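Working notes for the structure below.
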Amino acid sequence: MEFYADEIEVRFDQKPTLEKRPGLPTAFSWQGREYVIVELLKEWHDYRKRGKSKAFYQKERGSYWVEKSQREGSWGMGRDYYRVRTGGGEIFDIYYDRSPKGQKRKGQWILSRKLGEEPLP
């Protein structure tokens, strides 16, 4: 298993309905190569607040707001994770980080780890 924190470009066959929750992409590009996603192996979501935002909500808003955001998420907070198998049999964990970066209003897609390869059945 290899860990990364590399930003990736993703491709969708149809434009996502919701910017905040775009769903699973069709393919992604990483290190100059395109990987076509052929199977979703696992999906999970983490809407906890991080960094300064977490400290603000715990201090100023109380625990009710932290718990509510963990269940539902709020704009610009949280991550949507996907474990996928590509056409070449590689297995990756990728996620959509919903927090805006700098002047970019949208979040970004990240490749977090490569779990190995399994031949397709």
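Letters A, B, ... go to the chains of the structure tokens in the order shown; residues in each chain start at 1; ligands are counted from 1 in the same order.
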Tell me which protein, DNA and RNA residues are within 9 Å of Phe12 in chain A, counting only C-alpha atoms, leaving out same-chain ones fewer than 2 positions away, and put them as a count of residues only. 9
Select from range 6-42 of chain A everything DSSP, run on the backbone, classes as strand (DSSP E or B), then give the selection as a PyMOL selection string. chain A and resi 6-11+27-30+33-42
The selected residues should be written to file as an mmCIF file, in the first residue's frame (atoms: N, CA and C atoms).
data_model
loop_
_atom_site.group_PDB
_atom_site.id
_atom_site.type_symbol
_atom_site.label_atom_id
_atom_site.label_comp_id
_atom_site.auth_asym_id
_atom_site.auth_seq_id
_atom_site.Cartn_x
_atom_site.Cartn_y
_atom_site.Cartn_z
ATOM 1 N N ASP A 6 -1.961 13.509 -3.630
ATOM 2 C CA ASP A 6 -1.816 14.176 -4.925
ATOM 3 C C ASP A 6 -3.155 14.643 -5.471
ATOM 4 N N GLU A 7 -3.183 15.894 -5.915
ATOM 5 C CA GLU A 7 -4.395 16.389 -6.575
ATOM 6 C C GLU A 7 -4.512 15.709 -7.940
ATOM 7 N N ILE A 8 -5.732 15.344 -8.291
ATOM 8 C CA ILE A 8 -5.984 14.673 -9.564
ATOM 9 C C ILE A 8 -7.073 15.411 -10.329
ATOM 10 N N GLU A 9 -7.053 15.236 -11.626
ATOM 11 C CA GLU A 9 -8.120 15.743 -12.487
ATOM 12 C C GLU A 9 -9.098 14.597 -12.708
ATOM 13 N N VAL A 10 -10.391 14.896 -12.648
ATOM 14 C CA VAL A 10 -11.391 13.851 -12.847
ATOM 15 C C VAL A 10 -12.235 14.158 -14.079
ATOM 16 N N ARG A 11 -12.869 13.107 -14.583
ATOM 17 C CA ARG A 11 -13.762 13.239 -15.738
ATOM 18 C C ARG A 11 -15.079 12.561 -15.397
ATOM 19 N N ALA A 27 -13.507 8.685 -14.626
ATOM 20 C CA ALA A 27 -12.070 8.454 -14.782
ATOM 21 C C ALA A 27 -11.316 9.573 -14.069
ATOM 22 N N PHE A 28 -10.020 9.335 -13.859
ATOM 23 C CA PHE A 28 -9.170 10.385 -13.301
ATOM 24 C C PHE A 28 -7.792 10.297 -13.942
ATOM 25 N N SER A 29 -7.090 11.438 -13.936
ATOM 26 C CA SER A 29 -5.731 11.508 -14.465
ATOM 27 C C SER A 29 -4.772 11.727 -13.313
ATOM 28 N N TRP A 30 -3.691 10.931 -13.318
ATOM 29 C CA TRP A 30 -2.688 11.016 -12.260
ATOM 30 C C TRP A 30 -1.337 10.660 -12.853
ATOM 31 N N ARG A 33 -1.191 9.899 -16.608
ATOM 32 C CA ARG A 33 -1.907 8.735 -17.127
ATOM 33 C C ARG A 33 -3.379 8.807 -16.737
ATOM 34 N N GLU A 34 -4.255 8.368 -17.637
ATOM 35 C CA GLU A 34 -5.684 8.345 -17.315
ATOM 36 C C GLU A 34 -6.080 6.948 -16.833
ATOM 37 N N TYR A 35 -6.854 6.913 -15.750
ATOM 38 C CA TYR A 35 -7.363 5.674 -15.180
ATOM 39 C C TYR A 35 -8.887 5.681 -15.301
ATOM 40 N N VAL A 36 -9.431 4.694 -15.968
ATOM 41 C CA VAL A 36 -10.886 4.575 -16.106
ATOM 42 C C VAL A 36 -11.401 3.740 -14.942
ATOM 43 N N ILE A 37 -12.381 4.271 -14.234
ATOM 44 C CA ILE A 37 -12.960 3.568 -13.089
ATOM 45 C C ILE A 37 -13.991 2.570 -13.600
ATOM 46 N N VAL A 38 -13.791 1.309 -13.260
ATOM 47 C CA VAL A 38 -14.707 0.261 -13.721
ATOM 48 C C VAL A 38 -15.562 -0.306 -12.594
ATOM 49 N N GLU A 39 -15.161 -0.046 -11.325
ATOM 50 C CA GLU A 39 -15.924 -0.600 -10.214
ATOM 51 C C GLU A 39 -15.745 0.241 -8.957
ATOM 52 N N LEU A 40 -16.855 0.507 -8.286
ATOM 53 C CA LEU A 40 -16.838 1.148 -6.981
ATOM 54 C C LEU A 40 -16.806 0.033 -5.936
ATOM 55 N N LEU A 41 -15.751 -0.007 -5.132
ATOM 56 C CA LEU A 41 -15.603 -1.059 -4.125
ATOM 57 C C LEU A 41 -16.148 -0.641 -2.764
ATOM 58 N N LYS A 42 -16.023 0.651 -2.453
ATOM 59 C CA LYS A 42 -16.468 1.154 -1.157
ATOM 60 C C LYS A 42 -16.663 2.658 -1.264
#
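Once range 113-119 of chain A and its same-chain neighbours fewer than 3 positions away are set aside, Met1, Glu2, Phe3, Tyr4, Ala5, Gly88, Gly89, Glu90, Ile91, Phe92, Asp93 and Ile94 of chain A remain within 8 Å of it when counting only C-alpha atoms.
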Among the residues A:Arg79, A:His45, A:Arg85, A:Arg98, the one that comes closest to Lys20 in chain A [using only C-alpha atoms]: A:Arg98
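Remark: for Asp80 in chain A, the closest of the candidate residues A:Glu19, A:Trp44, A:Gln31, A:Gly107 is A:Trp44 (distances computed over only C-alpha atoms).
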